[in-house]
Amino acid sequence: MTTIAKKWTLAKQFDGEPKVSDFKLVEEELSTALPPGAILLEALYLTVDPYMRMREYKIGDTLVGEQIARVKVSNNPNFPEGALVLAFLGWRSHTLVPHPEKEIVSGLGVRLLPDFGDLSPSLGIGCLGMPGLTAYFGLLDRGNPKPGETLLVSGAAGAVGSVVGQIGKIKGLKVIGSAGSRDKCEWLKEVGFDHVFNYKERTVDEALKEFAPEGVDLYFDNVGGDFAYDVMKSHMKFGGRIIACGSISQYNDKERIERSTKAFIIYKQLTILGIIVNAYTKRFTEGVTELLQWVKEGKLQYKETITDGFENMPSAFISLFRGGNTGKAVVKA
C-alpha cells in the first residue's frame with residue numbers, strides 16, 4: 001500500500017518578492033508498510049513565516065517550516081495513530097519519519113502536541129507555538145521589562161508582535177504598536193494596546209512625539225530598515241534596550257543599504273539583543289504553559305489568517321510580504 005505525498009520545492013531562486021512561479025509542486029509515493037519505529041504523518045495545518053524567505057535553498061529543495069500533523073500510520077508505540085504532533089518537516093502534505101524521537105539542531109523534529117483543550121490545534125504553530133514563544137522569551141527573558149516602562153512594537157499586528165504587546169500589558173508596561181492598516185490598528189486597540197498608529201499614514205517621528213514624548217525604554221523590532229533607524233535615532237531613552245527579532249521590510253531587497261546606527265548605540269548606551277527561539281528549546285514547556293493559561297483567562301487574544309488548501313502555500317507565503325495577514329498566517333491542508 002502507498003499514499004501520494006505532495007511537497008512544495010524551489011523552482012527558481014528568489015529575486016525580490018517571491019513569485020508563484022518560484023515554486024514547484026512535486027508528488028511522490030510513500031509506502032504505508034513502515035519499519036519498526038517509523039510513523040507516517042499527514043499535515044493538517046502548516047505555517048508560513050517571513051524567515052523562510054531568508055533561508056538558503058538549492059533548486060529542488062523543499063521549503064522549510066513547521067506543521068501540525070496527524071499520525072496516519074504508526075509502527076511506534078510512542079506515536080499512536082490519530083495522535084497530533086508538531087513537526088518541523090517543511091511544506092509537505094505527508095511525511096514518512098523513520099525516527100521521530102531523534103533530535104535535530106533545534107530540538108525534537110517531531111513531538112506530541114500538548115493538550116490545548118477546546119482550542120484549535122493550529123495554535124501550536126501560532127500563539128502557543130514558535131511565534132508565541134518568540135514573543136514570550138524575546139520580551140521577558142531578553143528584554144527584561146519593568147512595570148511602567150514604555151514598550152514599542154513594530155509589526156504589532158503580526159504573529160509575534162501581537163503577542164509581545166499583550167504580554168507587555170500583562171506585565172504592566174505602556175505599549176505602543178505600529179501596523180500597516182486601519183483594521184489592524186483597530187484590532188490592536190481591542191486587545192489592549194495603549195496607542196497604535198498606521199505607519200503608512202503617520203511617520204514614526206509624528207507618532208512617537210505624541211505617544212512617547214519622554215522616549216522608549218524597550219523596542220521590539222520586527223521590521224528593521226528605516227523604521228528601526230528612526231526609532232534608534234530620535235526616540236530611544238538613554239540606556240534603552242532593543243530586541244532584534246526580524247527585518248521583514250528588507251527581506252526582499254535586492255540590494256540592502258544599511259544606515260549606520262553606531263553613533264546612537266554609543267551615545268545613548270543602547271543595548272541590542274537578538275532573539276532566536278530555538279535557544280530556549282528546553283524551556284518550551286514553561287512558555288507554552290503560561291501562554292495557554294493567559295489564553296484561557298482571556299488575557300491573551302489571537303487572530304489567525306487561514307488559507308485553505310495545500311496547493312495555496314506559495315500564495316499564502318507571498319501575502320506575508322504584502323501585509324495580507326493579521327495575527328498568524330496558517331495554511332489548512
# chains A, B, ... in the order shown; residues from 1 in each chain; ligands from 1

call {"tool": "residues_around", "arguments": {"residues": "A:Lys233", "least_positions_apart": "2", "cutoff": "12 Å", "atoms": "only C-alpha atoms", "output": "list of chain:residue names"}}
result
A:Val204, A:Asp205, A:Gly215, A:Val216, A:Asp226, A:Phe227, A:Ala228, A:Tyr229, A:Asp230, A:Val231, A:His235, A:Met236, A:Lys237, A:Phe238, A:Gly240, A:Arg259, A:Ser260, A:Thr261, A:Lys262, A:Ala263, A:Phe264, A:Ile265, A:Ile266, A:Tyr267, A:Lys268, A:Leu270

call {"tool": "residues_around", "arguments": {"residues": "A:Ala329", "least_positions_apart": "4", "cutoff": "9 Å", "atoms": "only C-alpha atoms", "output": "list in words"}}
result
Leu46, Thr47, Val48, Asp49, Gly126, Gly158, Ala159, Lys303, Glu304, Thr305, Ile306, Thr307, Ala316, Phe317, Leu320, Gly324 and Asn325 of chain A

call {"tool": "residues_around", "arguments": {"residues": "A:Ala33", "least_positions_apart": "4", "cutoff": "10 Å", "atoms": "only C-alpha atoms", "output": "PyMOL selection string"}}
result
chain A and resi 1-2+38-40+73-75

call {"tool": "write_last_selection", "arguments": {"atoms": "all heavy atoms", "output": "PDB file, in the first residue's frame"}}
result
ATOM      1  N   MET A   1       0.843  -1.199   0.000  1.00  0.00           N
ATOM      2  CA  MET A   1       0.000   0.000   0.000  1.00  0.00           C
ATOM      3  C   MET A   1       0.882   1.253   0.000  1.00  0.00           C
ATOM      4  O   MET A   1       1.929   1.293   0.651  1.00  0.00           O
ATOM      5  CB  MET A   1      -0.895   0.018   1.233  1.00  0.00           C
ATOM      6  CG  MET A   1      -1.932  -1.089   1.275  1.00  0.00           C
ATOM      7  SD  MET A   1      -3.324  -0.751   0.185  1.00  0.00           S
ATOM      8  CE  MET A   1      -4.081   0.642   1.015  1.00  0.00           C
ATOM      9  N   THR A   2       0.442   2.245  -0.728  1.00  0.00           N
ATOM     10  CA  THR A   2       1.171   3.516  -0.771  1.00  0.00           C
ATOM     11  C   THR A   2       0.196   4.670  -0.617  1.00  0.00           C
ATOM     12  O   THR A   2      -1.014   4.511  -0.780  1.00  0.00           O
ATOM     13  CB  THR A   2       1.948   3.677  -2.094  1.00  0.00           C
ATOM     14  OG1 THR A   2       1.012   3.684  -3.179  1.00  0.00           O
ATOM     15  CG2 THR A   2       2.971   2.580  -2.276  1.00  0.00           C
ATOM     16  N   ALA A  38       8.921   3.710  12.876  1.00  0.00           N
ATOM     17  CA  ALA A  38       8.570   4.764  11.918  1.00  0.00           C
ATOM     18  C   ALA A  38       7.105   5.171  12.049  1.00  0.00           C
ATOM     19  O   ALA A  38       6.263   4.425  12.556  1.00  0.00           O
ATOM     20  CB  ALA A  38       8.855   4.301  10.496  1.00  0.00           C
ATOM     21  N   ILE A  39       6.819   6.382  11.576  1.00  0.00           N
ATOM     22  CA  ILE A  39       5.445   6.878  11.517  1.00  0.00           C
ATOM     23  C   ILE A  39       5.235   7.604  10.195  1.00  0.00           C
ATOM     24  O   ILE A  39       6.175   8.131   9.598  1.00  0.00           O
ATOM     25  CB  ILE A  39       5.107   7.839  12.687  1.00  0.00           C
ATOM     26  CG1 ILE A  39       6.076   9.018  12.713  1.00  0.00           C
ATOM     27  CG2 ILE A  39       5.124   7.092  14.005  1.00  0.00           C
ATOM     28  CD1 ILE A  39       5.739  10.063  13.793  1.00  0.00           C
ATOM     29  N   LEU A  40       3.990   7.606   9.741  1.00  0.00           N
ATOM     30  CA  LEU A  40       3.604   8.359   8.544  1.00  0.00           C
ATOM     31  C   LEU A  40       2.663   9.470   8.998  1.00  0.00           C
ATOM     32  O   LEU A  40       1.630   9.205   9.620  1.00  0.00           O
ATOM     33  CB  LEU A  40       2.902   7.452   7.527  1.00  0.00           C
ATOM     34  CG  LEU A  40       2.399   8.140   6.248  1.00  0.00           C
ATOM     35  CD1 LEU A  40       3.557   8.710   5.447  1.00  0.00           C
ATOM     36  CD2 LEU A  40       1.594   7.159   5.398  1.00  0.00           C
ATOM     37  N   VAL A  73      -0.294   6.534   9.982  1.00  0.00           N
ATOM     38  CA  VAL A  73       0.107   5.129  10.159  1.00  0.00           C
ATOM     39  C   VAL A  73       1.273   5.121  11.128  1.00  0.00           C
ATOM     40  O   VAL A  73       2.167   5.976  11.046  1.00  0.00           O
ATOM     41  CB  VAL A  73       0.527   4.479   8.822  1.00  0.00           C
ATOM     42  CG1 VAL A  73       0.863   3.007   9.031  1.00  0.00           C
ATOM     43  CG2 VAL A  73      -0.561   4.630   7.774  1.00  0.00           C
ATOM     44  N   SER A  74       1.267   4.152  12.048  1.00  0.00           N
ATOM     45  CA  SER A  74       2.328   4.131  13.053  1.00  0.00           C
ATOM     46  C   SER A  74       2.847   2.719  13.278  1.00  0.00           C
ATOM     47  O   SER A  74       2.076   1.757  13.332  1.00  0.00           O
ATOM     48  CB  SER A  74       1.816   4.692  14.388  1.00  0.00           C
ATOM     49  OG  SER A  74       2.813   4.593  15.393  1.00  0.00           O
ATOM     50  N   ASN A  75       4.164   2.648  13.420  1.00  0.00           N
ATOM     51  CA  ASN A  75       4.812   1.434  13.906  1.00  0.00           C
ATOM     52  C   ASN A  75       5.700   1.809  15.085  1.00  0.00           C
ATOM     53  O   ASN A  75       6.810   1.318  15.235  1.00  0.00           O
ATOM     54  CB  ASN A  75       5.642   0.777  12.789  1.00  0.00           C
ATOM     55  CG  ASN A  75       5.936  -0.689  13.082  1.00  0.00           C
ATOM     56  OD1 ASN A  75       5.513  -1.233  14.109  1.00  0.00           O
ATOM     57  ND2 ASN A  75       6.686  -1.333  12.200  1.00  0.00           N
TER      58      ASN A  75
END

call {"tool": "residues_around", "arguments": {"residues": "A:Val191", "least_positions_apart": "4", "cutoff": "9 Å", "atoms": "only C-alpha atoms", "output": "PyMOL selection string"}}
result
chain A and resi 162+165-166+186-187+299-302

call {"tool": "select_by_dssp", "arguments": {"residues": "stretch 84-309 of chain A", "states": "helix (DSSP H, G or I)", "output": "JSON list (two decimals) with N, CA and C atoms, in the first residue's frame"}}
result
[["chain", "number", "residue", "atom", "x", "y", "z"],
["A", 121, "PRO", "N", -5.93, 23.07, 17.32],
["A", 121, "PRO", "CA", -4.52, 22.64, 17.32],
["A", 121, "PRO", "C", -3.63, 23.55, 16.49],
["A", 122, "SER", "N", -4.22, 24.35, 15.60],
["A", 122, "SER", "CA", -3.41, 25.26, 14.79],
["A", 122, "SER", "C", -2.65, 26.27, 15.65],
["A", 123, "LEU", "N", -3.10, 26.49, 16.88],
["A", 123, "LEU", "CA", -2.39, 27.43, 17.76],
["A", 123, "LEU", "C", -0.99, 26.93, 18.10],
["A", 124, "GLY", "N", -0.75, 25.64, 17.86],
["A", 124, "GLY", "CA", 0.58, 25.09, 18.09],
["A", 124, "GLY", "C", 1.63, 25.61, 17.14],
["A", 125, "ILE", "N", 1.20, 26.25, 16.04],
["A", 125, "ILE", "CA", 2.16, 26.94, 15.17],
["A", 125, "ILE", "C", 1.91, 28.45, 15.21],
["A", 130, "MET", "N", 5.86, 28.52, 17.94],
["A", 130, "MET", "CA", 7.07, 29.30, 17.69],
["A", 130, "MET", "C", 6.87, 30.81, 17.79],
["A", 131, "PRO", "N", 5.84, 31.40, 17.15],
["A", 131, "PRO", "CA", 5.67, 32.85, 17.27],
["A", 131, "PRO", "C", 5.41, 33.31, 18.70],
["A", 132, "GLY", "N", 4.52, 32.59, 19.40],
["A", 132, "GLY", "CA", 4.22, 32.96, 20.77],
["A", 132, "GLY", "C", 5.41, 32.83, 21.68],
["A", 133, "LEU", "N", 6.19, 31.76, 21.48],
["A", 133, "LEU", "CA", 7.38, 31.55, 22.30],
["A", 133, "LEU", "C", 8.47, 32.57, 21.98],
["A", 134, "THR", "N", 8.56, 32.98, 20.73],
["A", 134, "THR", "CA", 9.50, 34.04, 20.36],
["A", 134, "THR", "C", 9.14, 35.33, 21.10],
["A", 135, "ALA", "N", 7.86, 35.64, 21.13],
["A", 135, "ALA", "CA", 7.40, 36.82, 21.86],
["A", 135, "ALA", "C", 7.67, 36.68, 23.35],
["A", 136, "TYR", "N", 7.34, 35.52, 23.89],
["A", 136, "TYR", "CA", 7.46, 35.28, 25.33],
["A", 136, "TYR", "C", 8.91, 35.42, 25.81],
["A", 137, "PHE", "N", 9.80, 34.67, 25.20],
["A", 137, "PHE", "CA", 11.20, 34.69, 25.64],
["A", 137, "PHE", "C", 11.91, 35.96, 25.17],
["A", 138, "GLY", "N", 11.52, 36.44, 23.99],
["A", 138, "GLY", "CA", 12.15, 37.66, 23.49],
["A", 138, "GLY", "C", 11.88, 38.85, 24.39],
["A", 139, "LEU", "N", 10.63, 39.00, 24.81],
["A", 139, "LEU", "CA", 10.29, 40.14, 25.66],
["A", 139, "LEU", "C", 10.72, 39.91, 27.10],
["A", 140, "LEU", "N", 10.36, 38.78, 27.67],
["A", 140, "LEU", "CA", 10.55, 38.58, 29.10],
["A", 140, "LEU", "C", 11.99, 38.23, 29.47],
["A", 141, "ASP", "N", 12.63, 37.40, 28.67],
["A", 141, "ASP", "CA", 13.99, 36.98, 29.01],
["A", 141, "ASP", "C", 15.04, 37.92, 28.43],
["A", 142, "ARG", "N", 14.90, 38.27, 27.17],
["A", 142, "ARG", "CA", 15.89, 39.14, 26.54],
["A", 142, "ARG", "C", 15.62, 40.62, 26.87],
["A", 161, "GLY", "N", 4.41, 40.07, 17.01],
["A", 161, "GLY", "CA", 4.19, 41.39, 17.58],
["A", 161, "GLY", "C", 2.93, 41.50, 18.41],
["A", 162, "SER", "N", 1.85, 40.86, 17.96],
["A", 162, "SER", "CA", 0.59, 40.96, 18.70],
["A", 162, "SER", "C", 0.69, 40.30, 20.06],
["A", 163, "VAL", "N", 1.48, 39.23, 20.16],
["A", 163, "VAL", "CA", 1.68, 38.57, 21.45],
["A", 163, "VAL", "C", 2.62, 39.39, 22.33],
["A", 164, "VAL", "N", 3.65, 39.96, 21.74],
["A", 164, "VAL", "CA", 4.58, 40.80, 22.50],
["A", 164, "VAL", "C", 3.82, 41.92, 23.21],
["A", 165, "GLY", "N", 2.98, 42.63, 22.45],
["A", 165, "GLY", "CA", 2.26, 43.76, 23.03],
["A", 165, "GLY", "C", 1.35, 43.36, 24.16],
["A", 166, "GLN", "N", 0.67, 42.23, 24.00],
["A", 166, "GLN", "CA", -0.26, 41.79, 25.03],
["A", 166, "GLN", "C", 0.47, 41.31, 26.28],
["A", 167, "ILE", "N", 1.61, 40.65, 26.09],
["A", 167, "ILE", "CA", 2.41, 40.27, 27.26],
["A", 167, "ILE", "C", 2.90, 41.53, 27.96],
["A", 168, "GLY", "N", 3.28, 42.54, 27.17],
["A", 168, "GLY", "CA", 3.69, 43.80, 27.76],
["A", 168, "GLY", "C", 2.62, 44.39, 28.67],
["A", 169, "LYS", "N", 1.38, 44.34, 28.23],
["A", 169, "LYS", "CA", 0.27, 44.85, 29.05],
["A", 169, "LYS", "C", 0.09, 43.99, 30.30],
["A", 170, "ILE", "N", 0.21, 42.68, 30.17],
["A", 170, "ILE", "CA", 0.10, 41.79, 31.33],
["A", 170, "ILE", "C", 1.16, 42.15, 32.37],
["A", 182, "ARG", "N", -5.70, 50.35, 8.87],
["A", 182, "ARG", "CA", -6.60, 50.82, 9.92],
["A", 182, "ARG", "C", -7.28, 49.65, 10.63],
["A", 183, "ASP", "N", -7.62, 48.61, 9.88],
["A", 183, "ASP", "CA", -8.25, 47.44, 10.50],
["A", 183, "ASP", "C", -7.30, 46.79, 11.52],
["A", 184, "LYS", "N", -6.04, 46.69, 11.15],
["A", 184, "LYS", "CA", -5.08, 46.10, 12.08],
["A", 184, "LYS", "C", -4.92, 46.97, 13.32],
["A", 185, "CYS", "N", -4.89, 48.26, 13.13],
["A", 185, "CYS", "CA", -4.77, 49.17, 14.28],
["A", 185, "CYS", "C", -5.98, 49.05, 15.20],
["A", 186, "GLU", "N", -7.15, 48.92, 14.61],
["A", 186, "GLU", "CA", -8.36, 48.77, 15.42],
["A", 186, "GLU", "C", -8.30, 47.49, 16.24],
["A", 187, "TRP", "N", -7.83, 46.41, 15.64],
["A", 187, "TRP", "CA", -7.71, 45.15, 16.39],
["A", 187, "TRP", "C", -6.72, 45.28, 17.55],
["A", 188, "LEU", "N", -5.62, 45.97, 17.31],
["A", 188, "LEU", "CA", -4.63, 46.14, 18.38],
["A", 188, "LEU", "C", -5.22, 46.93, 19.55],
["A", 189, "LYS", "N", -6.06, 47.90, 19.25],
["A", 189, "LYS", "CA", -6.74, 48.62, 20.33],
["A", 189, "LYS", "C", -7.66, 47.69, 21.10],
["A", 190, "GLU", "N", -8.35, 46.81, 20.37],
["A", 190, "GLU", "CA", -9.27, 45.87, 21.00],
["A", 190, "GLU", "C", -8.55, 44.93, 21.97],
["A", 204, "VAL", "N", 7.02, 57.67, 11.99],
["A", 204, "VAL", "CA", 7.45, 57.26, 13.32],
["A", 204, "VAL", "C", 7.63, 58.49, 14.22],
["A", 205, "ASP", "N", 8.25, 59.52, 13.68],
["A", 205, "ASP", "CA", 8.51, 60.72, 14.48],
["A", 205, "ASP", "C", 7.22, 61.37, 14.95],
["A", 206, "GLU", "N", 6.24, 61.50, 14.06],
["A", 206, "GLU", "CA", 4.96, 62.11, 14.44],
["A", 206, "GLU", "C", 4.28, 61.31, 15.54],
["A", 207, "ALA", "N", 4.24, 60.00, 15.36],
["A", 207, "ALA", "CA", 3.52, 59.15, 16.32],
["A", 207, "ALA", "C", 4.20, 59.13, 17.68],
["A", 208, "LEU", "N", 5.52, 58.99, 17.71],
["A", 208, "LEU", "CA", 6.20, 58.84, 18.99],
["A", 208, "LEU", "C", 6.36, 60.16, 19.72],
["A", 209, "LYS", "N", 6.37, 61.25, 19.01],
["A", 209, "LYS", "CA", 6.36, 62.55, 19.71],
["A", 209, "LYS", "C", 5.07, 62.72, 20.49],
["A", 210, "GLU", "N", 3.99, 62.13, 19.98],
["A", 210, "GLU", "CA", 2.71, 62.20, 20.69],
["A", 210, "GLU", "C", 2.59, 61.12, 21.76],
["A", 211, "PHE", "N", 2.94, 59.89, 21.42],
["A", 211, "PHE", "CA", 2.67, 58.77, 22.32],
["A", 211, "PHE", "C", 3.79, 58.48, 23.32],
["A", 225, "GLY", "N", 15.05, 48.16, 8.93],
["A", 225, "GLY", "CA", 15.01, 49.21, 7.93],
["A", 225, "GLY", "C", 14.91, 50.62, 8.49],
["A", 226, "ASP", "N", 14.26, 51.50, 7.73],
["A", 226, "ASP", "CA", 14.16, 52.91, 8.10],
["A", 226, "ASP", "C", 13.38, 53.10, 9.40],
["A", 227, "PHE", "N", 12.39, 52.25, 9.63],
["A", 227, "PHE", "CA", 11.60, 52.37, 10.85],
["A", 227, "PHE", "C", 12.51, 52.23, 12.07],
["A", 228, "ALA", "N", 13.31, 51.18, 12.09],
["A", 228, "ALA", "CA", 14.20, 50.95, 13.23],
["A", 228, "ALA", "C", 15.22, 52.07, 13.35],
["A", 229, "TYR", "N", 15.73, 52.53, 12.22],
["A", 229, "TYR", "CA", 16.71, 53.63, 12.24],
["A", 229, "TYR", "C", 16.11, 54.87, 12.89],
["A", 230, "ASP", "N", 14.90, 55.23, 12.51],
["A", 230, "ASP", "CA", 14.28, 56.43, 13.05],
["A", 230, "ASP", "C", 14.01, 56.30, 14.55],
["A", 231, "VAL", "N", 13.61, 55.12, 14.97],
["A", 231, "VAL", "CA", 13.38, 54.90, 16.40],
["A", 231, "VAL", "C", 14.68, 55.07, 17.18],
["A", 232, "MET", "N", 15.74, 54.44, 16.71],
["A", 232, "MET", "CA", 17.02, 54.50, 17.42],
["A", 232, "MET", "C", 17.61, 55.90, 17.40],
["A", 233, "LYS", "N", 17.41, 56.60, 16.31],
["A", 233, "LYS", "CA", 17.98, 57.94, 16.18],
["A", 233, "LYS", "C", 17.33, 58.94, 17.13],
["A", 234, "SER", "N", 16.01, 58.90, 17.22],
["A", 234, "SER", "CA", 15.31, 60.01, 17.87],
["A", 234, "SER", "C", 14.46, 59.65, 19.07],
["A", 262, "LYS", "N", 25.50, 53.14, 14.71],
["A", 262, "LYS", "CA", 26.53, 53.01, 15.75],
["A", 262, "LYS", "C", 26.59, 54.23, 16.67],
["A", 263, "ALA", "N", 26.45, 55.42, 16.08],
["A", 263, "ALA", "CA", 26.53, 56.63, 16.91],
["A", 263, "ALA", "C", 25.42, 56.66, 17.96],
["A", 264, "PHE", "N", 24.22, 56.24, 17.57],
["A", 264, "PHE", "CA", 23.10, 56.24, 18.53],
["A", 264, "PHE", "C", 23.35, 55.21, 19.63],
["A", 265, "ILE", "N", 23.88, 54.06, 19.24],
["A", 265, "ILE", "CA", 24.14, 53.00, 20.22],
["A", 265, "ILE", "C", 25.18, 53.48, 21.24],
["A", 266, "ILE", "N", 26.20, 54.17, 20.75],
["A", 266, "ILE", "CA", 27.28, 54.64, 21.65],
["A", 266, "ILE", "C", 26.77, 55.74, 22.57],
["A", 267, "TYR", "N", 26.21, 56.78, 21.99],
["A", 267, "TYR", "CA", 25.91, 57.98, 22.79],
["A", 267, "TYR", "C", 24.67, 57.81, 23.67],
["A", 277, "VAL", "N", 14.38, 31.68, 18.93],
["A", 277, "VAL", "CA", 13.58, 30.91, 19.87],
["A", 277, "VAL", "C", 14.15, 29.51, 20.13],
["A", 278, "ASN", "N", 14.88, 28.97, 19.17],
["A", 278, "ASN", "CA", 15.42, 27.63, 19.36],
["A", 278, "ASN", "C", 16.46, 27.56, 20.47],
["A", 279, "ALA", "N", 16.95, 28.71, 20.90],
["A", 279, "ALA", "CA", 17.87, 28.72, 22.04],
["A", 279, "ALA", "C", 17.15, 28.38, 23.35],
["A", 280, "TYR", "N", 15.82, 28.39, 23.30],
["A", 280, "TYR", "CA", 15.02, 28.15, 24.52],
["A", 280, "TYR", "C", 14.28, 26.81, 24.46],
["A", 281, "THR", "N", 14.76, 25.89, 23.64],
["A", 281, "THR", "CA", 14.06, 24.62, 23.45],
["A", 281, "THR", "C", 13.75, 23.93, 24.78],
["A", 282, "LYS", "N", 14.68, 23.94, 25.70],
["A", 282, "LYS", "CA", 14.48, 23.23, 26.97],
["A", 282, "LYS", "C", 13.46, 23.92, 27.87],
["A", 283, "ARG", "N", 13.06, 25.14, 27.51],
["A", 283, "ARG", "CA", 12.09, 25.87, 28.32],
["A", 283, "ARG", "C", 10.74, 26.03, 27.60],
["A", 284, "PHE", "N", 10.56, 25.32, 26.49],
["A", 284, "PHE", "CA", 9.32, 25.47, 25.73],
["A", 284, "PHE", "C", 8.09, 25.13, 26.57],
["A", 285, "THR", "N", 8.18, 24.08, 27.37],
["A", 285, "THR", "CA", 7.02, 23.69, 28.17],
["A", 285, "THR", "C", 6.62, 24.81, 29.12],
["A", 286, "GLU", "N", 7.60, 25.46, 29.72],
["A", 286, "GLU", "CA", 7.34, 26.60, 30.60],
["A", 286, "GLU", "C", 6.60, 27.70, 29.86],
["A", 287, "GLY", "N", 7.08, 28.04, 28.67],
["A", 287, "GLY", "CA", 6.47, 29.12, 27.91],
["A", 287, "GLY", "C", 5.06, 28.78, 27.45],
["A", 288, "VAL", "N", 4.88, 27.58, 26.89],
["A", 288, "VAL", "CA", 3.56, 27.18, 26.39],
["A", 288, "VAL", "C", 2.55, 27.13, 27.53],
["A", 289, "THR", "N", 2.98, 26.64, 28.68],
["A", 289, "THR", "CA", 2.08, 26.54, 29.83],
["A", 289, "THR", "C", 1.54, 27.91, 30.23],
["A", 290, "GLU", "N", 2.41, 28.91, 30.30],
["A", 290, "GLU", "CA", 1.95, 30.23, 30.72],
["A", 290, "GLU", "C", 1.13, 30.91, 29.62],
["A", 291, "LEU", "N", 1.56, 30.77, 28.38],
["A", 291, "LEU", "CA", 0.80, 31.34, 27.28],
["A", 291, "LEU", "C", -0.61, 30.75, 27.21],
["A", 292, "LEU", "N", -0.71, 29.43, 27.38],
["A", 292, "LEU", "CA", -2.00, 28.76, 27.34],
["A", 292, "LEU", "C", -2.90, 29.27, 28.48],
["A", 293, "GLN", "N", -2.31, 29.46, 29.65],
["A", 293, "GLN", "CA", -3.09, 29.96, 30.78],
["A", 293, "GLN", "C", -3.63, 31.36, 30.49],
["A", 294, "TRP", "N", -2.80, 32.20, 29.89],
["A", 294, "TRP", "CA", -3.25, 33.56, 29.55],
["A", 294, "TRP", "C", -4.37, 33.52, 28.51],
["A", 295, "VAL", "N", -4.27, 32.61, 27.55],
["A", 295, "VAL", "CA", -5.34, 32.49, 26.55],
["A", 295, "VAL", "C", -6.65, 32.08, 27.23],
["A", 296, "LYS", "N", -6.57, 31.09, 28.10],
["A", 296, "LYS", "CA", -7.77, 30.60, 28.79],
["A", 296, "LYS", "C", -8.39, 31.68, 29.68],
["A", 297, "GLU", "N", -7.54, 32.55, 30.25],
["A", 297, "GLU", "CA", -8.02, 33.61, 31.12],
["A", 297, "GLU", "C", -8.51, 34.82, 30.34]]

call {"tool": "closest_residue", "arguments": {"among": "A:Thr62, A:Asn144, A:Thr3, A:Asn78", "to": "A:Gly37", "atoms": "only C-alpha atoms"}}
result
A:Asn78

call {"tool": "residues_around", "arguments": {"residues": "A:Phe14", "least_positions_apart": "2", "cutoff": "12 Å", "atoms": "only C-alpha atoms", "output": "compact mmCIF listing (two decimals) with N, CA, C and O atoms, in the first residue's frame"}}
result
# COMPACT_ATOMS: atom_id res chain seq x y z
N LEU A 10 11.64 24.49 -4.38
CA LEU A 10 12.07 25.73 -5.04
C LEU A 10 12.36 25.45 -6.51
O LEU A 10 13.20 24.61 -6.84
N ALA A 11 11.67 26.16 -7.38
CA ALA A 11 11.87 26.00 -8.82
C ALA A 11 12.85 27.03 -9.36
O ALA A 11 13.54 26.78 -10.36
N LYS A 12 12.92 28.19 -8.71
CA LYS A 12 13.79 29.27 -9.17
C LYS A 12 14.19 30.11 -7.96
O LYS A 12 13.38 30.33 -7.06
N GLY A 16 13.92 39.37 -5.38
CA GLY A 16 12.96 40.31 -4.84
C GLY A 16 11.84 39.55 -4.15
O GLY A 16 12.05 38.51 -3.54
N GLU A 17 10.61 40.09 -4.27
CA GLU A 17 9.47 39.41 -3.66
C GLU A 17 9.25 38.05 -4.34
O GLU A 17 9.28 37.95 -5.56
N PRO A 18 9.04 36.99 -3.54
CA PRO A 18 8.77 35.67 -4.15
C PRO A 18 7.56 35.71 -5.07
O PRO A 18 6.62 36.48 -4.87
N LYS A 19 7.60 34.85 -6.09
CA LYS A 19 6.51 34.73 -7.06
C LYS A 19 6.04 33.28 -7.07
O LYS A 19 6.82 32.37 -6.75
N VAL A 20 4.80 33.08 -7.46
CA VAL A 20 4.26 31.72 -7.52
C VAL A 20 5.11 30.84 -8.41
O VAL A 20 5.31 29.65 -8.15
N SER A 21 5.66 31.42 -9.48
CA SER A 21 6.48 30.66 -10.41
C SER A 21 7.82 30.23 -9.82
O SER A 21 8.54 29.41 -10.43
N ASP A 22 8.16 30.74 -8.65
CA ASP A 22 9.40 30.32 -7.98
C ASP A 22 9.26 28.96 -7.31
O ASP A 22 10.25 28.40 -6.82
N PHE A 23 8.05 28.44 -7.27
CA PHE A 23 7.77 27.20 -6.55
C PHE A 23 7.28 26.11 -7.50
O PHE A 23 6.68 26.40 -8.53
N MET A 52 11.36 32.24 6.34
CA MET A 52 11.56 31.27 5.26
C MET A 52 12.18 31.91 4.03
O MET A 52 12.85 31.24 3.24
N ARG A 53 11.93 33.20 3.87
CA ARG A 53 12.48 33.93 2.72
C ARG A 53 14.00 34.03 2.82
O ARG A 53 14.69 34.13 1.79
N MET A 54 14.55 34.00 4.04
CA MET A 54 15.97 34.24 4.24
C MET A 54 16.79 32.97 4.25
O MET A 54 18.02 33.02 4.30
N ARG A 55 16.14 31.83 4.24
CA ARG A 55 16.88 30.57 4.18
C ARG A 55 17.57 30.41 2.83
O ARG A 55 17.08 30.86 1.81
N GLU A 56 18.70 29.73 2.85
CA GLU A 56 19.41 29.45 1.60
C GLU A 56 18.93 28.10 1.07
O GLU A 56 19.03 27.08 1.74
N TYR A 57 18.37 28.12 -0.12
CA TYR A 57 17.85 26.91 -0.75
C TYR A 57 18.60 26.65 -2.04
O TYR A 57 19.06 27.57 -2.73
N LYS A 58 18.67 25.37 -2.38
CA LYS A 58 19.10 24.98 -3.71
C LYS A 58 17.84 24.64 -4.52
O LYS A 58 16.80 24.30 -3.96
N ILE A 59 17.95 24.74 -5.84
CA ILE A 59 16.83 24.36 -6.69
C ILE A 59 16.45 22.91 -6.39
O ILE A 59 17.30 22.03 -6.35
N TYR A 251 13.60 41.96 3.67
CA TYR A 251 13.86 40.60 3.21
C TYR A 251 13.87 40.46 1.70
O TYR A 251 14.56 39.59 1.16
N ASN A 252 13.09 41.29 1.01
CA ASN A 252 13.01 41.16 -0.45
C ASN A 252 13.90 42.14 -1.19
O ASN A 252 13.88 42.17 -2.43
N ASP A 253 14.67 42.94 -0.45
CA ASP A 253 15.55 43.91 -1.09
C ASP A 253 16.63 43.20 -1.90
O ASP A 253 17.29 42.28 -1.40
N LYS A 254 16.82 43.64 -3.14
CA LYS A 254 17.88 43.07 -3.96
C LYS A 254 19.24 43.61 -3.54
O LYS A 254 20.25 42.92 -3.60
N ILE A 318 3.55 34.49 0.00
CA ILE A 318 3.77 35.77 -0.67
C ILE A 318 2.95 36.87 0.00
O ILE A 318 3.40 38.01 0.14

call {"tool": "select_by_dssp", "arguments": {"residues": "stretch 55-288 of chain A", "states": "strand (DSSP E)", "output": "count of residues only"}}
result
58

call {"tool": "residues_around", "arguments": {"residues": "A:His94", "least_positions_apart": "5", "cutoff": "7 Å", "atoms": "only C-alpha atoms", "output": "MDAnalysis selection string"}}
result
chainID A and resid 5:6 41:43

call {"tool": "residues_around", "arguments": {"residues": "A:Lys174", "least_positions_apart": "3", "cutoff": "10 Å", "atoms": "only C-alpha atoms", "output": "NGL selection string"}}
result
:A and (147-152 or 165 or 168-169 or 171 or 193-195 or 211-212 or 216-217)
